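What follows is a set of notes on a single structure, which appears directly below.
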Amino acid sequence: MNAKSGARERLELVRESLIELSHRIHAHPELGFEEERASSWLCESLTEAGFSVEKGICDLPTAFLARAGSGPLNIGICAEYDCLPDIGHACGHNIIAASAIGAAVAAAKVADEIGLTITVIGTPAEEVGNASGKILELEGGAFDGIHAAMMVHPAPFDMLRAKIIAASMFDIHYAGKESHASAFPELGVNAADALTVAQTALGLLRQHIRPTDRIHGIVTNGGSAPNVVPARTSARYMIRSETLGQLAELRPRVHRCFEAGALGTGATLQLVGGDKPYAEMHHDHAMAEFYRRNSEALGRPFPDLGEWETRPTVSTDMGNVSLALPSIHPMIGINSLPAVNHQPEFAAHCITADADKALADGALAMAWTCVDLATDREIRDRLINRQ
Ligand SMILES: [Zn+2]
Ligand SMILES: [Zn+2]
């Protein structure tokens, strides 16, 4: 219990600066892989707290690793800090970033006395949907030597083990031929029609996919003028399934719908991306139970949420981390309902008093979970000896 008190005292000392950091990141939203300021601010905070910091790891300028303590058990805390296009921090990654710093600083205070090393992994570009920060960092070895990983993610309400599903994002480009849409339509090849055929095919496909599959997208280029037959159109789509295995079954069926658009119109099709999908999340049961008890001790119970417990929700590259090492990804409530993630109203909620409290509670619950992992002989041995 002493280590937990020490962590709490340390967190109280930095609480106000964490909130200020969260609000600063929120006020300066940066897209994935462009998080220059956010990553610099986080590295500065960690350097100030005595961490050794390496910025620009894995050839990613906004990725970083920060380390404190020298114990044999190495726990990773993931910090995300990218925003969404147009709607800023509508996923609350400012809260993720600040809570990660808080957790790491608080746990680092007691790390050496409980045989712990704390590593903060600065993971850019969670929202990009393909070949994201954590995926590239896993490939680049940033998680090597780390025994377990965790982060908290803001949500309308607390949820210990959200059903996080696999996802893939890719771009579709059709190329046809321009022509005068009224005078010489027979000379054109209509790339916008190709998209329409594809969307119709996708609409029909929905009857024959799993109820837990998701297909959603936007047209990013629908043509330039109504009197010119569109020669170039583009779209960006995401597909999701409960597992990477199911996603691999869905992918070719969706691709065929886009091929149908090309076949029907004579346009040519190019599919780009989707090669590094997000995996489903495997919550480590024992880690999650420690987190549950720590969250409850802070007055944050996890009530039965009915269908929310089994309903497919978001996707995250933390899923890929969870396939590589024991991990948890609890959702921390910011009391935002009816506003939910990816709405401008949610972005506004991410700097409220409830959001600031979630940030501090999430940080301390994670720090205490680190203490538990280091001091519970059974799980400590399991994490260190895992192959
Ligand atoms: Zn998001
Ligand atoms: Zn998010």
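Residues in the structure tokens are named by chain (A, B, ... in the order shown) and by number from 1 within that chain; ligands are numbered from 1 in the order shown.
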
Hey, what does DSSP flag as strand (DSSP E or B) within segment 37-214 of chain A? Can you give it to me as JSON, numbers by chain?
{"A": [52, 53, 54, 55, 64, 65, 66, 67, 68, 69, 73, 74, 75, 76, 77, 78, 79, 84, 88, 116, 117, 118, 119, 120, 121, 122, 148, 149, 150, 153, 154, 155, 159, 166, 167, 168, 169, 170, 171, 172, 173, 174, 175, 177, 180, 189, 214]}

Residue selection dump (C-alpha atoms) as a JSON list (two decimals), in the first residue's frame:
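Saved to result-v3.json:
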```
[["chain", "number", "residue", "atom", "x", "y", "z"],
["A", 52, "SER", "CA", 15.34, 9.42, -20.47],
["A", 53, "VAL", "CA", 13.62, 10.33, -23.71],
["A", 54, "GLU", "CA", 14.27, 9.29, -27.30],
["A", 55, "LYS", "CA", 12.21, 11.15, -29.89],
["A", 64, "PHE", "CA", 9.01, 8.56, -28.88],
["A", 65, "LEU", "CA", 10.13, 6.29, -26.08],
["A", 66, "ALA", "CA", 10.69, 7.51, -22.51],
["A", 67, "ARG", "CA", 12.01, 5.37, -19.70],
["A", 68, "ALA", "CA", 12.37, 5.60, -15.92],
["A", 69, "GLY", "CA", 13.30, 3.06, -13.28],
["A", 73, "LEU", "CA", 9.48, -5.80, -14.96],
["A", 74, "ASN", "CA", 9.02, -3.32, -17.81],
["A", 75, "ILE", "CA", 5.51, -1.89, -18.18],
["A", 76, "GLY", "CA", 4.59, 0.23, -21.19],
["A", 77, "ILE", "CA", 2.09, 3.09, -21.08],
["A", 78, "CYS", "CA", 0.85, 4.14, -24.52],
["A", 79, "ALA", "CA", 0.23, 7.81, -25.23],
["A", 84, "LEU", "CA", -9.45, 13.95, -36.31],
["A", 88, "GLY", "CA", -10.21, 18.33, -33.63],
["A", 116, "LEU", "CA", 9.74, -1.81, -12.06],
["A", 117, "THR", "CA", 10.77, -0.04, -15.26],
["A", 118, "ILE", "CA", 8.21, 2.35, -16.72],
["A", 119, "THR", "CA", 8.28, 3.02, -20.46],
["A", 120, "VAL", "CA", 6.06, 5.58, -22.13],
["A", 121, "ILE", "CA", 5.56, 4.77, -25.79],
["A", 122, "GLY", "CA", 4.53, 7.86, -27.74],
["A", 148, "ALA", "CA", 2.78, -5.55, -20.67],
["A", 149, "ALA", "CA", 1.09, -2.42, -22.00],
["A", 150, "MET", "CA", -1.84, -0.25, -21.07],
["A", 153, "HIS", "CA", -9.31, 5.97, -23.69],
["A", 154, "PRO", "CA", -12.04, 8.54, -23.05],
["A", 155, "ALA", "CA", -15.62, 7.53, -23.78],
["A", 159, "MET", "CA", -16.14, 0.45, -19.67],
["A", 166, "ALA", "CA", -10.56, -5.39, -36.26],
["A", 167, "ALA", "CA", -10.56, -2.72, -38.97],
["A", 168, "SER", "CA", -9.00, -1.83, -42.29],
["A", 169, "MET", "CA", -8.99, 1.47, -44.15],
["A", 170, "PHE", "CA", -8.19, 1.93, -47.83],
["A", 171, "ASP", "CA", -8.64, 4.33, -50.72],
["A", 172, "ILE", "CA", -10.45, 3.65, -53.97],
["A", 173, "HIS", "CA", -9.55, 5.48, -57.19],
["A", 174, "TYR", "CA", -11.45, 5.15, -60.45],
["A", 175, "ALA", "CA", -10.13, 6.50, -63.73],
["A", 177, "LYS", "CA", -12.51, 9.59, -69.51],
["A", 180, "HIS", "CA", -19.02, 16.83, -72.64],
["A", 189, "VAL", "CA", -16.19, 6.84, -69.29],
["A", 214, "ARG", "CA", -19.14, -2.87, -40.62]]
```

Surrounding residues of segment 22-30 of chain A excluding itself and chain neighbours under 2 positions, 7 Å, only C-alpha atoms, as a JSON list (two decimals) with C-alpha atoms, in the first residue's frame:
```
[["chain", "number", "residue", "atom", "x", "y", "z"],
["A", 18, "LEU", "CA", -1.31, 17.46, -16.49],
["A", 19, "ILE", "CA", -4.63, 19.24, -16.89],
["A", 20, "GLU", "CA", -2.86, 22.21, -18.42],
["A", 32, "GLY", "CA", -1.70, 11.75, -37.37],
["A", 34, "GLU", "CA", 1.98, 15.61, -37.80],
["A", 35, "GLU", "CA", 1.81, 15.84, -33.99],
["A", 38, "ALA", "CA", 2.07, 17.53, -28.86],
["A", 82, "ASP", "CA", -3.48, 12.79, -32.82],
["A", 83, "CYS", "CA", -6.76, 14.49, -33.70],
["A", 88, "GLY", "CA", -10.21, 18.33, -33.63],
["A", 89, "HIS", "CA", -9.86, 16.27, -30.45],
["A", 94, "ASN", "CA", -5.46, 14.89, -25.27],
["A", 95, "ILE", "CA", -6.79, 12.96, -22.26],
["A", 98, "ALA", "CA", -1.94, 13.49, -20.31],
["A", 351, "ILE", "CA", -11.70, 19.75, -21.49]]
```

How would you report the residues lying within 9 Å of ligand 2, as a list in words, if you count only C-alpha atoms and all ligand atoms?
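So the residues close to ligand 2 are Glu80, Tyr81, Asp82, Cys83, His89, Ala90, Cys91, Gly92, His93, Ile96, Glu126, Glu127, His153, Pro154, Ala155, Val314, Ser315, Thr316, Asn341 and His342 of chain A.
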
Would you save the residues from that selection as a PDB file, in the first residue's frame, using N, CA, C and O atoms?
```
ATOM      1  N   GLU A  80      -1.424   8.405 -26.913  1.00  0.00           N
ATOM      2  CA  GLU A  80      -1.877   8.838 -28.242  1.00  0.00           C
ATOM      3  C   GLU A  80      -2.117  10.340 -28.172  1.00  0.00           C
ATOM      4  O   GLU A  80      -2.488  10.866 -27.125  1.00  0.00           O
ATOM      5  N   TYR A  81      -1.957  11.021 -29.308  1.00  0.00           N
ATOM      6  CA  TYR A  81      -2.125  12.482 -29.277  1.00  0.00           C
ATOM      7  C   TYR A  81      -2.531  13.070 -30.616  1.00  0.00           C
ATOM      8  O   TYR A  81      -2.403  14.274 -30.839  1.00  0.00           O
ATOM      9  N   ASP A  82      -3.012  12.233 -31.538  1.00  0.00           N
ATOM     10  CA  ASP A  82      -3.475  12.789 -32.818  1.00  0.00           C
ATOM     11  C   ASP A  82      -4.956  13.170 -32.740  1.00  0.00           C
ATOM     12  O   ASP A  82      -5.685  12.711 -31.868  1.00  0.00           O
ATOM     13  N   CYS A  83      -5.364  14.031 -33.668  1.00  0.00           N
ATOM     14  CA  CYS A  83      -6.755  14.487 -33.698  1.00  0.00           C
ATOM     15  C   CYS A  83      -7.437  13.939 -34.950  1.00  0.00           C
ATOM     16  O   CYS A  83      -6.839  13.206 -35.732  1.00  0.00           O
ATOM     17  N   HIS A  89     -10.032  17.372 -31.403  1.00  0.00           N
ATOM     18  CA  HIS A  89      -9.859  16.271 -30.454  1.00  0.00           C
ATOM     19  C   HIS A  89     -11.210  15.674 -30.050  1.00  0.00           C
ATOM     20  O   HIS A  89     -11.541  15.592 -28.862  1.00  0.00           O
ATOM     21  N   ALA A  90     -11.953  15.235 -31.052  1.00  0.00           N
ATOM     22  CA  ALA A  90     -13.267  14.640 -30.819  1.00  0.00           C
ATOM     23  C   ALA A  90     -13.164  13.184 -30.382  1.00  0.00           C
ATOM     24  O   ALA A  90     -14.182  12.511 -30.209  1.00  0.00           O
ATOM     25  N   CYS A  91     -11.938  12.680 -30.231  1.00  0.00           N
ATOM     26  CA  CYS A  91     -11.764  11.349 -29.637  1.00  0.00           C
ATOM     27  C   CYS A  91     -11.015  11.471 -28.312  1.00  0.00           C
ATOM     28  O   CYS A  91     -10.695  10.471 -27.681  1.00  0.00           O
ATOM     29  N   GLY A  92     -10.711  12.704 -27.922  1.00  0.00           N
ATOM     30  CA  GLY A  92     -10.133  12.933 -26.596  1.00  0.00           C
ATOM     31  C   GLY A  92      -8.729  12.401 -26.407  1.00  0.00           C
ATOM     32  O   GLY A  92      -8.342  12.043 -25.287  1.00  0.00           O
ATOM     33  N   HIS A  93      -7.929  12.391 -27.465  1.00  0.00           N
ATOM     34  CA  HIS A  93      -6.568  11.865 -27.302  1.00  0.00           C
ATOM     35  C   HIS A  93      -5.700  12.783 -26.443  1.00  0.00           C
ATOM     36  O   HIS A  93      -4.654  12.362 -25.955  1.00  0.00           O
ATOM     37  N   ILE A  96      -5.850  10.974 -23.291  1.00  0.00           N
ATOM     38  CA  ILE A  96      -4.981   9.782 -23.317  1.00  0.00           C
ATOM     39  C   ILE A  96      -3.535  10.198 -23.048  1.00  0.00           C
ATOM     40  O   ILE A  96      -2.830   9.577 -22.245  1.00  0.00           O
ATOM     41  N   GLU A 126      -3.144   7.346 -34.331  1.00  0.00           N
ATOM     42  CA  GLU A 126      -4.063   6.225 -34.077  1.00  0.00           C
ATOM     43  C   GLU A 126      -5.259   6.282 -35.013  1.00  0.00           C
ATOM     44  O   GLU A 126      -5.849   5.260 -35.339  1.00  0.00           O
ATOM     45  N   GLU A 127      -5.630   7.491 -35.438  1.00  0.00           N
ATOM     46  CA  GLU A 127      -6.872   7.648 -36.200  1.00  0.00           C
ATOM     47  C   GLU A 127      -6.711   7.372 -37.700  1.00  0.00           C
ATOM     48  O   GLU A 127      -7.678   7.462 -38.445  1.00  0.00           O
ATOM     49  N   HIS A 153      -8.748   5.191 -22.590  1.00  0.00           N
ATOM     50  CA  HIS A 153      -9.313   5.971 -23.693  1.00  0.00           C
ATOM     51  C   HIS A 153     -10.618   6.611 -23.241  1.00  0.00           C
ATOM     52  O   HIS A 153     -11.479   5.928 -22.704  1.00  0.00           O
ATOM     53  N   PRO A 154     -10.784   7.912 -23.462  1.00  0.00           N
ATOM     54  CA  PRO A 154     -12.039   8.542 -23.053  1.00  0.00           C
ATOM     55  C   PRO A 154     -13.231   8.033 -23.858  1.00  0.00           C
ATOM     56  O   PRO A 154     -13.102   7.659 -25.025  1.00  0.00           O
ATOM     57  N   ALA A 155     -14.360   8.016 -23.198  1.00  0.00           N
ATOM     58  CA  ALA A 155     -15.621   7.535 -23.778  1.00  0.00           C
ATOM     59  C   ALA A 155     -16.741   8.205 -23.000  1.00  0.00           C
ATOM     60  O   ALA A 155     -16.488   8.870 -21.990  1.00  0.00           O
ATOM     61  N   VAL A 314     -15.370   0.387 -31.187  1.00  0.00           N
ATOM     62  CA  VAL A 314     -14.338   1.041 -31.986  1.00  0.00           C
ATOM     63  C   VAL A 314     -13.279   0.039 -32.416  1.00  0.00           C
ATOM     64  O   VAL A 314     -13.347  -1.148 -32.105  1.00  0.00           O
ATOM     65  N   SER A 315     -12.305   0.529 -33.128  1.00  0.00           N
ATOM     66  CA  SER A 315     -11.118  -0.244 -33.445  1.00  0.00           C
ATOM     67  C   SER A 315      -9.923   0.625 -33.084  1.00  0.00           C
ATOM     68  O   SER A 315     -10.008   1.856 -33.127  1.00  0.00           O
ATOM     69  N   THR A 316      -8.849  -0.013 -32.717  1.00  0.00           N
ATOM     70  CA  THR A 316      -7.642   0.727 -32.353  1.00  0.00           C
ATOM     71  C   THR A 316      -6.418  -0.134 -32.614  1.00  0.00           C
ATOM     72  O   THR A 316      -6.484  -1.365 -32.506  1.00  0.00           O
ATOM     73  N   ASN A 341     -18.029   9.800 -28.961  1.00  0.00           N
ATOM     74  CA  ASN A 341     -16.766   9.987 -29.682  1.00  0.00           C
ATOM     75  C   ASN A 341     -17.002  10.335 -31.156  1.00  0.00           C
ATOM     76  O   ASN A 341     -17.934   9.841 -31.780  1.00  0.00           O
ATOM     77  N   HIS A 342     -16.142  11.163 -31.674  1.00  0.00           N
ATOM     78  CA  HIS A 342     -16.139  11.593 -33.074  1.00  0.00           C
ATOM     79  C   HIS A 342     -17.287  12.554 -33.389  1.00  0.00           C
ATOM     80  O   HIS A 342     -17.701  12.679 -34.542  1.00  0.00           O
TER      81      HIS A 342
END
```

Using only C-alpha atoms, which of A:Leu359, A:Ile165, A:Leu160, A:Ala365 sits nearest His329 of chain A?
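Looking at the shortest contact to His329 of chain A, the residue is A:Leu160.
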
Could you find all residues in segment 5-240 of chain A that DSSP calls alpha helix (DSSP H) from the backbone, and write them as a PyMOL selection string?
chain A and resi 5-27+36-48+93-111+133-140+191-205

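Non-sequential neighbours of Gly102 of chain A (distance at most 8 Å, separation of 4 or more positions within a chain, only C-alpha atoms) are Leu11, Val14, Arg15, Leu18, Ala98, Ala106, Ala360, Ala363 and Leu364 of chain A.
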
Proximity to Ala201 of chain A - best of A:Ala353, A:Ala181, A:Ala260, A:Leu271, only C-alpha atoms:
A:Ala260

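Shortest atom-to-atom contact with Ala108 of chain A among A:Arg206, A:Lys4, A:Lys163, A:His147: A:Lys4, counting only C-alpha atoms.
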
Nearest residue to ligand 1 out of A:Val128, A:Leu247, A:Ala374, A:Ala100, using only C-alpha atoms and all ligand atoms?
A:Val128

With distances taken over only C-alpha atoms, which residue among A:Val321, A:Val152, A:Leu269, A:Ala63 lies nearest Ala191 of chain A?
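Residue with the minimum atom-to-atom distance to Ala191 of chain A: A:Leu269.
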
Top pick for closest residue to ligand 1, considering A:Pro330, A:Gly50, A:Pro72, A:Pro85 and counting only C-alpha atoms and all ligand atoms:
A:Pro85

For the atom pair atom CA of Trp368 of chain A and atom CA of Leu323 of chain A, what is the interatomic distance in Å to one decimal place?
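Interatomic distance, atom CA of Trp368 of chain A to atom CA of Leu323 of chain A: 23.5 Å.
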
Taking 3 positions as the minimum chain separation for residues in the same chain, which residues sit within 12 Å of Arg161 of chain A when counting only C-alpha atoms? Answer as an NGL selection string.
:A and (152-153 or 158 or 164-165 or 280-289 or 291-292 or 302-305 or 308-314 or 327-332)

Keeping only N, CA, C and O atoms, write those residues as a short mmCIF file (atom, residue, chain, number, x, y, z; two decimals), in the first residue's frame.
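Result file is out35.cif:
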```cif
data_model
loop_
_atom_site.label_atom_id
_atom_site.label_comp_id
_atom_site.auth_asym_id
_atom_site.auth_seq_id
_atom_site.Cartn_x
_atom_site.Cartn_y
_atom_site.Cartn_z
N VAL A 152 -5.58 4.31 -21.21
CA VAL A 152 -7.02 4.51 -21.04
C VAL A 152 -7.50 5.41 -22.17
O VAL A 152 -6.75 6.26 -22.67
N HIS A 153 -8.75 5.19 -22.59
CA HIS A 153 -9.31 5.97 -23.69
C HIS A 153 -10.62 6.61 -23.24
O HIS A 153 -11.48 5.93 -22.70
N ASP A 158 -17.57 4.81 -18.31
CA ASP A 158 -16.51 3.84 -18.03
C ASP A 158 -16.87 2.46 -18.57
O ASP A 158 -18.01 2.01 -18.44
N ILE A 164 -13.63 -4.35 -28.81
CA ILE A 164 -12.88 -3.59 -29.82
C ILE A 164 -12.56 -4.53 -30.98
O ILE A 164 -12.00 -5.61 -30.78
N ILE A 165 -12.96 -4.12 -32.17
CA ILE A 165 -12.94 -5.04 -33.32
C ILE A 165 -11.86 -4.65 -34.34
O ILE A 165 -11.32 -3.56 -34.30
N GLU A 280 -8.26 -6.94 -33.55
CA GLU A 280 -9.19 -6.90 -32.41
C GLU A 280 -8.39 -6.86 -31.11
O GLU A 280 -7.24 -7.28 -31.07
N MET A 281 -9.03 -6.35 -30.05
CA MET A 281 -8.34 -6.22 -28.76
C MET A 281 -8.53 -7.46 -27.92
O MET A 281 -9.66 -7.91 -27.72
N HIS A 282 -7.42 -8.00 -27.42
CA HIS A 282 -7.47 -9.09 -26.44
C HIS A 282 -7.13 -8.49 -25.09
O HIS A 282 -5.97 -8.17 -24.83
N HIS A 283 -8.14 -8.31 -24.24
CA HIS A 283 -7.88 -7.73 -22.92
C HIS A 283 -7.27 -8.79 -22.01
O HIS A 283 -7.85 -9.87 -21.87
N ASP A 284 -6.13 -8.48 -21.41
CA ASP A 284 -5.57 -9.43 -20.46
C ASP A 284 -6.45 -9.44 -19.21
O ASP A 284 -6.64 -8.41 -18.55
N HIS A 285 -6.97 -10.64 -18.88
CA HIS A 285 -7.98 -10.74 -17.82
C HIS A 285 -7.44 -10.26 -16.47
O HIS A 285 -8.08 -9.46 -15.78
N ALA A 286 -6.27 -10.75 -16.10
CA ALA A 286 -5.74 -10.42 -14.76
C ALA A 286 -5.42 -8.92 -14.67
O ALA A 286 -5.72 -8.27 -13.65
N MET A 287 -4.83 -8.36 -15.72
CA MET A 287 -4.54 -6.93 -15.71
C MET A 287 -5.82 -6.12 -15.60
O MET A 287 -5.90 -5.13 -14.86
N ALA A 288 -6.84 -6.55 -16.34
CA ALA A 288 -8.11 -5.83 -16.31
C ALA A 288 -8.73 -5.88 -14.92
O ALA A 288 -9.31 -4.89 -14.45
N GLU A 289 -8.60 -7.03 -14.23
CA GLU A 289 -9.19 -7.12 -12.89
C GLU A 289 -8.45 -6.22 -11.89
O GLU A 289 -9.07 -5.62 -11.02
N TYR A 291 -7.01 -3.43 -12.74
CA TYR A 291 -7.45 -2.08 -13.09
C TYR A 291 -8.85 -1.82 -12.52
O TYR A 291 -9.14 -0.74 -12.02
N ARG A 292 -9.72 -2.85 -12.62
CA ARG A 292 -11.08 -2.69 -12.10
C ARG A 292 -11.04 -2.30 -10.62
O ARG A 292 -11.71 -1.34 -10.21
N PHE A 302 -17.59 -0.24 -12.42
CA PHE A 302 -17.97 -0.61 -13.79
C PHE A 302 -19.31 -1.33 -13.75
O PHE A 302 -19.36 -2.55 -13.61
N PRO A 303 -20.40 -0.58 -13.84
CA PRO A 303 -21.71 -1.23 -13.78
C PRO A 303 -21.95 -2.08 -15.03
O PRO A 303 -21.28 -1.90 -16.05
N ASP A 304 -22.91 -3.00 -14.90
CA ASP A 304 -23.30 -3.82 -16.05
C ASP A 304 -23.91 -2.91 -17.11
O ASP A 304 -24.88 -2.21 -16.84
N LEU A 305 -23.35 -2.91 -18.28
CA LEU A 305 -23.81 -2.00 -19.34
C LEU A 305 -24.66 -2.71 -20.38
O LEU A 305 -24.92 -2.16 -21.45
N TRP A 308 -23.94 -3.00 -24.34
CA TRP A 308 -22.69 -2.32 -24.64
C TRP A 308 -21.48 -3.22 -24.42
O TRP A 308 -20.42 -3.02 -24.99
N GLU A 309 -21.66 -4.22 -23.53
CA GLU A 309 -20.55 -5.10 -23.22
C GLU A 309 -20.18 -5.98 -24.42
O GLU A 309 -19.05 -6.39 -24.57
N THR A 310 -21.18 -6.29 -25.25
CA THR A 310 -20.93 -7.22 -26.35
C THR A 310 -21.09 -6.56 -27.71
O THR A 310 -20.81 -7.16 -28.74
N ARG A 311 -21.54 -5.34 -27.71
CA ARG A 311 -21.76 -4.64 -28.98
C ARG A 311 -20.41 -4.19 -29.57
O ARG A 311 -19.61 -3.57 -28.86
N PRO A 312 -20.15 -4.50 -30.83
CA PRO A 312 -18.89 -4.05 -31.41
C PRO A 312 -18.78 -2.53 -31.33
O PRO A 312 -19.76 -1.82 -31.59
N THR A 313 -17.62 -2.07 -30.93
CA THR A 313 -17.49 -0.62 -30.78
C THR A 313 -16.43 -0.12 -31.75
O THR A 313 -16.59 -0.21 -32.95
N VAL A 314 -15.37 0.39 -31.19
CA VAL A 314 -14.34 1.04 -31.99
C VAL A 314 -13.28 0.04 -32.42
O VAL A 314 -13.35 -1.15 -32.11
N SER A 327 -2.14 -6.79 -22.57
CA SER A 327 -2.51 -5.38 -22.65
C SER A 327 -3.93 -5.16 -22.13
O SER A 327 -4.75 -6.07 -22.13
N ILE A 328 -4.17 -3.92 -21.71
CA ILE A 328 -5.55 -3.49 -21.42
C ILE A 328 -5.79 -2.11 -22.04
O ILE A 328 -4.84 -1.36 -22.29
N HIS A 329 -7.06 -1.82 -22.28
CA HIS A 329 -7.47 -0.57 -22.93
C HIS A 329 -8.83 -0.17 -22.34
O HIS A 329 -9.83 -0.15 -23.05
N PRO A 330 -8.87 0.14 -21.03
CA PRO A 330 -10.17 0.53 -20.45
C PRO A 330 -10.64 1.87 -21.03
O PRO A 330 -9.82 2.74 -21.34
N MET A 331 -11.94 1.99 -21.17
CA MET A 331 -12.53 3.27 -21.57
C MET A 331 -12.84 4.03 -20.27
O MET A 331 -13.40 3.47 -19.33
N ILE A 332 -12.48 5.31 -20.27
CA ILE A 332 -12.72 6.12 -19.07
C ILE A 332 -13.79 7.17 -19.39
O ILE A 332 -13.69 7.89 -20.38
#
```

Could you list, as a PDB file with all heavy atoms, in the first residue's frame, every residue within 8 Å of Lys276 of chain A, counting only C-alpha atoms and ignoring same-chain residues fewer than 6 positions away?
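To be explicit, this is the file written out as selection32.pdb:
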```pdb
ATOM      1  N   ASN A 130      -4.795   2.733 -40.951  1.00  0.00           N
ATOM      2  CA  ASN A 130      -3.935   1.754 -41.636  1.00  0.00           C
ATOM      3  C   ASN A 130      -2.483   2.150 -41.398  1.00  0.00           C
ATOM      4  O   ASN A 130      -2.153   3.339 -41.410  1.00  0.00           O
ATOM      5  CB  ASN A 130      -4.226   1.750 -43.142  1.00  0.00           C
ATOM      6  CG  ASN A 130      -3.472   0.645 -43.868  1.00  0.00           C
ATOM      7  OD1 ASN A 130      -3.636  -0.537 -43.563  1.00  0.00           O
ATOM      8  ND2 ASN A 130      -2.635   1.014 -44.828  1.00  0.00           N
ATOM      9  N   ALA A 131      -1.638   1.152 -41.189  1.00  0.00           N
ATOM     10  CA  ALA A 131      -0.207   1.420 -41.009  1.00  0.00           C
ATOM     11  C   ALA A 131       0.010   2.572 -40.021  1.00  0.00           C
ATOM     12  O   ALA A 131       0.738   3.524 -40.289  1.00  0.00           O
ATOM     13  CB  ALA A 131       0.458   1.733 -42.345  1.00  0.00           C
ATOM     14  N   ILE A 135       1.392   0.145 -35.046  1.00  0.00           N
ATOM     15  CA  ILE A 135       1.714  -0.957 -35.965  1.00  0.00           C
ATOM     16  C   ILE A 135       3.153  -0.809 -36.463  1.00  0.00           C
ATOM     17  O   ILE A 135       3.930  -1.773 -36.450  1.00  0.00           O
ATOM     18  CB  ILE A 135       0.705  -0.982 -37.134  1.00  0.00           C
ATOM     19  CG1 ILE A 135      -0.680  -1.393 -36.611  1.00  0.00           C
ATOM     20  CG2 ILE A 135       1.180  -1.931 -38.241  1.00  0.00           C
ATOM     21  CD1 ILE A 135      -1.804  -1.319 -37.642  1.00  0.00           C
ATOM     22  N   SER A 168      -9.926  -2.122 -41.195  1.00  0.00           N
ATOM     23  CA  SER A 168      -9.000  -1.833 -42.286  1.00  0.00           C
ATOM     24  C   SER A 168      -9.511  -0.624 -43.054  1.00  0.00           C
ATOM     25  O   SER A 168     -10.705  -0.509 -43.321  1.00  0.00           O
ATOM     26  CB  SER A 168      -8.929  -3.052 -43.219  1.00  0.00           C
ATOM     27  OG  SER A 168      -8.136  -2.773 -44.344  1.00  0.00           O
TER      28      SER A 168
END
```
